[in-house]
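Structure file coords29.txt (compact mmCIF, C-alpha atoms) is printed below.
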# COMPACT_ATOMS: atom_id res chain seq x y z
CA MET A 32 72.49 -32.43 206.42
CA THR A 33 71.52 -35.09 208.94
CA PHE A 34 71.65 -34.62 212.71
CA ASP A 35 74.60 -37.01 212.82
CA SER A 36 76.64 -35.06 210.25
CA PHE A 37 75.68 -31.80 212.01
CA LEU A 38 77.11 -33.09 215.30
CA LYS A 39 80.23 -34.32 213.50
CA THR A 40 80.73 -30.93 211.81
CA LEU A 41 80.53 -29.22 215.20
CA GLY A 42 83.00 -31.75 216.60
CA LEU A 43 80.52 -33.06 219.20
CA ARG A 44 80.59 -36.57 217.73
CA LYS A 45 83.69 -38.40 216.57
CA LYS A 46 84.12 -39.11 212.89
CA SER A 47 84.84 -42.65 211.78
CA LEU A 48 88.22 -43.54 210.25
CA ALA A 49 86.64 -43.77 206.78
CA GLU A 50 85.11 -40.30 207.13
CA LYS A 51 88.39 -38.82 208.38
CA ILE A 52 90.28 -40.33 205.46
CA ASN A 53 87.67 -39.17 202.96
CA ASP A 54 87.85 -35.62 204.33
CA ARG A 55 91.65 -35.71 204.13
CA VAL A 56 91.72 -36.87 200.52
CA ILE A 57 89.07 -34.32 199.46
CA ALA A 58 91.09 -31.54 201.17
CA GLY A 59 94.09 -32.36 198.96
CA TYR A 60 95.99 -34.84 201.07
CA ILE A 61 99.69 -35.38 200.34
CA PRO A 62 100.96 -38.67 201.82
CA SER A 63 103.95 -38.59 204.15
CA ASP A 64 107.13 -40.50 203.38
CA MET A 65 106.43 -42.80 206.31
CA ALA A 66 102.94 -43.66 205.00
CA LYS A 67 104.40 -44.37 201.57
CA ALA A 68 106.99 -46.67 203.12
CA VAL A 69 104.40 -48.44 205.30
CA VAL A 70 101.85 -49.00 202.53
CA GLY A 71 104.24 -49.53 199.63
CA LYS A 72 102.65 -50.25 196.26
CA VAL A 73 99.36 -52.09 196.56
CA SER A 74 98.18 -53.80 193.38
CA SER A 75 94.53 -54.18 192.38
CA LYS A 76 94.70 -57.89 193.04
CA LYS A 77 96.09 -57.38 196.53
CA PHE A 78 93.55 -54.68 197.32
CA ASN A 79 90.67 -56.88 196.20
CA ALA A 80 91.97 -59.70 198.40
CA MET A 81 92.24 -57.29 201.33
CA MET A 82 88.69 -56.06 200.77
CA ILE A 83 87.28 -59.59 200.65
CA LYS A 84 89.08 -60.45 203.89
CA VAL A 85 87.84 -57.28 205.62
CA ILE A 86 84.24 -57.79 204.43
CA ASP A 87 84.26 -61.40 205.65
CA LYS A 88 85.64 -60.31 209.02
CA TYR A 89 83.05 -57.53 209.32
CA ASN A 90 80.22 -59.90 208.47
CA ALA A 91 81.48 -62.47 210.97
CA ASP A 92 81.94 -59.87 213.75
CA ASN A 93 78.54 -58.29 213.20
CA GLU A 94 76.76 -61.55 212.43
CA VAL A 95 75.66 -60.33 209.01
CA LYS A 96 74.05 -63.08 206.98
CA VAL A 97 75.09 -62.98 203.33
CA PHE A 98 73.04 -65.02 200.87
CA ARG A 99 74.93 -65.90 197.74
CA ASN A 100 73.66 -67.25 194.41
CA GLU A 101 70.02 -66.58 195.14
CA MET B 1 72.68 -55.59 171.65
CA SER B 2 71.13 -52.09 171.70
CA ASP B 3 73.00 -48.87 170.93
CA GLN B 4 72.49 -47.68 174.53
CA TYR B 5 74.70 -50.39 175.94
CA ASN B 6 78.48 -50.51 175.85
CA GLN B 7 80.95 -53.03 177.23
CA MET B 8 82.77 -50.62 179.53
CA HIS B 9 81.58 -52.29 182.75
CA GLU B 10 82.66 -55.69 181.52
CA LYS B 11 86.05 -54.31 180.51
CA LEU B 12 86.70 -52.57 183.84
CA VAL B 13 84.94 -54.81 186.37
CA LYS B 14 85.97 -58.44 185.98
CA THR B 15 84.05 -60.02 188.88
CA SER B 16 81.62 -58.97 191.60
CA GLU B 17 84.61 -58.77 193.94
CA ASP B 18 86.75 -56.55 191.69
CA PHE B 19 86.62 -53.43 193.88
CA THR B 20 89.39 -51.58 192.06
CA GLY B 21 87.49 -52.18 188.82
CA MET B 22 84.37 -50.67 190.39
CA ILE B 23 86.34 -47.56 191.34
CA ALA B 24 87.68 -47.37 187.77
CA TYR B 25 84.13 -47.63 186.43
CA SER B 26 83.06 -44.79 188.77
CA ILE B 27 85.85 -42.62 187.36
CA TYR B 28 84.66 -43.43 183.83
CA LYS B 29 81.07 -42.59 184.79
CA ALA B 30 82.10 -39.25 186.29
CA GLU B 31 83.97 -38.39 183.06
CA LYS B 32 80.99 -39.45 180.96
CA ARG B 33 78.67 -37.25 183.03
CA GLU B 34 80.97 -34.28 182.48
CA ALA B 35 81.06 -35.01 178.75
CA ILE B 36 77.23 -35.07 178.59
CA LYS B 37 77.06 -31.83 180.55
CA ASN B 38 79.50 -30.20 178.13
CA GLY B 39 77.43 -31.36 175.12
CA LEU B 40 80.02 -33.74 173.64
CA ASN B 41 79.03 -36.49 171.22
CA ILE B 42 78.51 -39.37 173.60
CA VAL B 43 78.83 -42.12 170.95
CA GLU B 44 82.24 -40.80 169.96
CA PHE B 45 83.20 -40.38 173.61
CA THR B 46 82.31 -43.98 174.42
CA LYS B 47 84.12 -45.29 171.32
CA LEU B 48 87.23 -43.40 172.39
CA LYS B 49 87.07 -44.59 175.96
CA LEU B 50 86.67 -48.23 174.97
CA GLN B 51 90.20 -48.26 173.57
CA SER B 52 92.70 -50.34 175.51
CA ASN B 53 94.94 -47.42 176.49
CA GLU B 54 91.91 -45.57 177.98
CA ILE B 55 90.85 -48.71 179.87
CA GLY B 56 94.40 -48.99 181.22
CA LYS B 57 94.33 -45.34 182.23
CA TYR B 58 91.14 -45.84 184.26
CA LYS B 59 92.62 -48.89 185.97
CA ARG B 60 95.82 -46.99 186.85
CA GLU B 61 93.79 -44.07 188.18
CA ALA B 62 91.73 -46.40 190.34
CA GLU B 63 94.86 -48.10 191.64
CA GLY B 64 96.40 -44.72 192.45
CA LEU B 65 93.26 -43.70 194.33
CA VAL B 66 93.26 -46.95 196.31
CA ASN B 67 96.91 -46.41 197.27
CA LEU B 68 96.18 -42.80 198.26
CA PHE B 69 93.34 -43.90 200.55
CA LEU B 70 95.51 -46.61 202.11
CA GLN B 71 98.31 -44.09 202.69
CA ALA B 72 95.84 -41.66 204.26
CA ALA B 73 94.64 -44.46 206.57
CA ALA B 74 98.25 -45.27 207.45
CA ASP B 75 98.97 -41.60 208.19
CA GLU B 76 95.91 -41.40 210.42
CA LYS B 77 97.08 -44.45 212.36
CA ILE B 78 100.68 -43.16 212.54
CA LYS B 79 99.37 -39.88 213.98
CA GLY B 80 97.48 -41.80 216.68
CA ILE B 81 100.47 -43.99 217.50
CA LYS B 82 102.79 -40.94 217.70
CA ALA B 83 100.43 -39.14 220.12
CA ASP B 84 100.07 -42.29 222.23
CA LEU B 85 103.83 -42.80 222.31
CA ALA B 86 104.51 -39.17 223.25
CA ALA B 87 102.04 -39.41 226.16
CA LYS B 88 103.64 -42.65 227.38
CA ILE B 89 107.19 -41.20 227.19
CA SER B 90 106.06 -38.07 229.04
CA LYS B 91 104.47 -40.17 231.80
CA LEU B 92 107.55 -42.39 232.04
CA THR B 93 109.85 -39.36 232.31
CA LEU B 94 107.73 -37.77 235.04
CA ASP B 95 107.57 -41.05 236.97
CA SER B 96 111.34 -41.54 236.80
CA LEU B 97 112.13 -38.05 238.15
CA PRO B 98 113.32 -38.05 241.82
CA LYS B 99 110.68 -36.89 244.27
CA ASP B 100 111.59 -33.77 246.32
CA PRO B 101 111.96 -34.20 250.11
CA MET B 102 109.38 -32.58 252.41
CA TYR B 103 111.53 -29.61 253.47
CA LYS B 104 111.95 -28.58 249.83
CA GLY B 105 108.18 -28.55 249.48
CA LEU B 106 107.97 -26.39 252.60
CA PHE B 107 110.54 -23.95 251.20
CA ARG B 108 108.63 -23.82 247.93
CA TRP B 109 105.42 -23.05 249.78
CA HIS B 110 107.19 -20.44 251.94
CA ASN B 111 108.60 -18.69 248.88
CA SER B 112 105.40 -18.79 246.86
CA GLY B 113 102.04 -17.09 247.43
CA SER B 114 102.21 -17.13 251.22
CA ALA B 115 105.52 -15.26 251.20
CA GLY B 116 103.84 -11.89 251.91
CA VAL B 117 102.01 -13.04 255.04
CA VAL B 118 104.93 -15.05 256.36
CA GLY B 119 107.35 -12.21 255.50
CA ASN B 120 105.31 -9.72 257.56
CA PHE B 121 105.38 -12.10 260.53
CA TRP B 122 109.16 -12.46 260.30
CA THR B 123 109.59 -8.66 260.05
CA ALA B 124 107.60 -8.22 263.27
CA VAL B 125 109.69 -10.89 264.99
CA ILE B 126 112.99 -9.26 263.89
CA VAL B 127 111.84 -5.77 265.04
CA ALA B 128 110.80 -7.22 268.42
CA ALA B 129 114.17 -8.93 268.70
CA PHE B 130 115.99 -5.63 268.00
CA VAL B 131 113.93 -3.81 270.64
CA TRP B 132 114.60 -6.59 273.16
CA VAL B 133 118.36 -6.55 272.48
CA PHE B 134 118.98 -2.81 272.40
CA ALA B 135 116.54 -1.51 275.03
CA ASP B 136 117.14 -1.78 278.80
CA SER B 137 114.84 -3.95 280.86
CA SER B 138 112.57 -1.13 282.11
CA SER B 139 112.06 0.21 278.57
CA TRP B 140 111.43 -3.35 277.38
CA ASN B 141 108.84 -3.82 280.13
CA ALA B 142 107.22 -0.49 279.28
CA ALA B 143 107.11 -1.44 275.59
CA LYS B 144 105.70 -4.86 276.49
CA GLU B 145 103.00 -3.32 278.69
CA ASN B 146 102.12 -0.82 275.99
CA ALA B 147 101.83 -3.63 273.44
CA ILE B 148 99.65 -5.71 275.78
CA ASN B 149 97.46 -2.70 276.57
CA SER B 150 97.14 -1.92 272.86
CA VAL B 151 95.98 -5.47 272.22
CA LYS B 152 93.60 -5.45 275.20
CA ALA B 153 92.20 -1.94 274.59
CA PRO B 154 89.57 -2.84 271.97
CA PHE B 155 88.20 -5.64 274.16
CA ILE B 156 88.13 -3.50 277.32
CA ASN B 157 86.49 -0.57 275.49
CA GLY B 158 84.02 -2.93 273.85
CA SER B 159 82.94 -4.49 277.15
CA GLY B 160 83.10 -1.13 278.96
CA ARG B 161 80.61 0.48 276.56
CA GLY B 162 77.66 -1.15 278.29
CA SER B 163 78.62 0.28 281.68
CA ALA B 164 79.77 3.66 280.34
CA PRO B 165 76.63 5.69 281.20
CA ASP B 166 76.95 4.84 284.89
CA SER B 167 80.60 5.80 285.05
CA THR B 168 80.07 9.09 283.16
CA SER B 169 77.16 10.01 285.35
CA ALA B 170 79.34 9.26 288.32
CA THR B 171 82.18 11.47 287.14
CA VAL B 172 80.03 14.32 285.73
CA THR B 173 78.02 14.79 288.92
CA PRO B 174 80.22 16.74 291.37
Can you present the structure in this file as structure tokens?
Amino acid sequence: MTFDSFLKTLGLRKKSLAEKINDRVIAGYIPSDMAKAVVGKVSSKKFNAMMIKVIDKYNADNEVKVFRNE
Amino acid sequence: MSDQYNQMHEKLVKTSEDFTGMIAYSIYKAEKREAIKNGLNIVEFTKLKLQSNEIGKYKREAEGLVNLFLQAAADEKIKGIKADLAAKISKLTLDSLPKDPMYKGLFRWHNSGSAGVVGNFWTAVIVAAFVWVFADSSSWNAAKENAINSVKAPFINGSGRGSAPDSTSATVTP
């Protein structure tokens, strides 16, 4: 256990959205009707497109240089 | 192609940006690990899993997992929005309530924690008023003098203590 995860377990440091969601799913999360209505049915194609968009945005915001075809 | 290599990755992950395919491949790998741990024939296992219905099953599982994670994210956001909205409505309600006038605040203070002290004061005032109304003037004056003397007595006795030896010596000596 790292110092960071120790602080997060004690509740002294806030968990990120990804960590919160991961914990929820591991604990046996059952989605609410509202969440089902909001998300709908996301296909693999749509999810991949979403991921590409998010990664590009993250890289642009954090000035991450990605070298392709090297 | 060697015996160690199968086409499962190629079947599940179409491109380097096929994230759902990567999740499906992870599910396959977890199942394969379990099979090895349980001592199953891995060649037979792989042959079985390469069938199109098994490939489809992995893809559906991955898609289901993706949807579950997205729904969990939506629920987390909905929770935040609900809390935010409740706080805003509460603030709006409190702000729109009419403000009490000053005398109401005074009454509230009078009837709260200070009621004991203030009540004692009013009792003393009412008793004094009764004495003043029902007693004749000489009795009232006598009562007033007594009250004044009672109030003064500690101060007079306190200041008189210093000069007490002289006065006692004066009275004791005949």
Practice item. Could you check how far atom CA of A:Ala80 sits from atom CA of B:Glu61, in Å to one decimal? Key: 18.8 Å
Practice item. Name the residues in contact with stretch 78-87 of chain B at a cut-off of 12 Å, using all atoms listed in the file, excluding same-chain residues fewer than 2 positions from it; report them as a count of residues only. Key: 22
**Study point:** chain B contacts on chain A, only C-alpha atoms, 6 Å, as a ChimeraX atom specification
**Key:** /A:52,66,75,79
Exercise for review: Find the distance between atom CA of A:Phe78 and atom CA of A:Lys51 and write it in Å to one decimal.
Suggested key: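 About the pair atom CA of A:Phe78 and atom CA of A:Lys51: they are 20.0 Å apart.
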Practice item. Using atom CA of B:Ile27 and atom CA of A:Asn90 as the two end points, give the distance in Å to one decimal. Key: 27.9 Å
Review point. If we count only C-alpha atoms, what is near B:Glu10 at a cut-off of 12 Å, once residues fewer than 6 positions away on the same chain are taken out, given as an NGL selection string?
Key: :B and (16 or 18 or 21-22 or 24-25 or 50 or 55)
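Distance annotation: of B:Met8, B:Asp95, B:Glu44, B:Asp100, the residue with the minimal separation from B:Tyr58 is B:Met8; atom set is all atoms listed in the file.
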Point to revise | Top pick for closest residue to A:Thr40, considering A:Lys72, A:Val97, A:Asp54, A:Val85 and counting all atoms listed in the file | key: A:Asp54
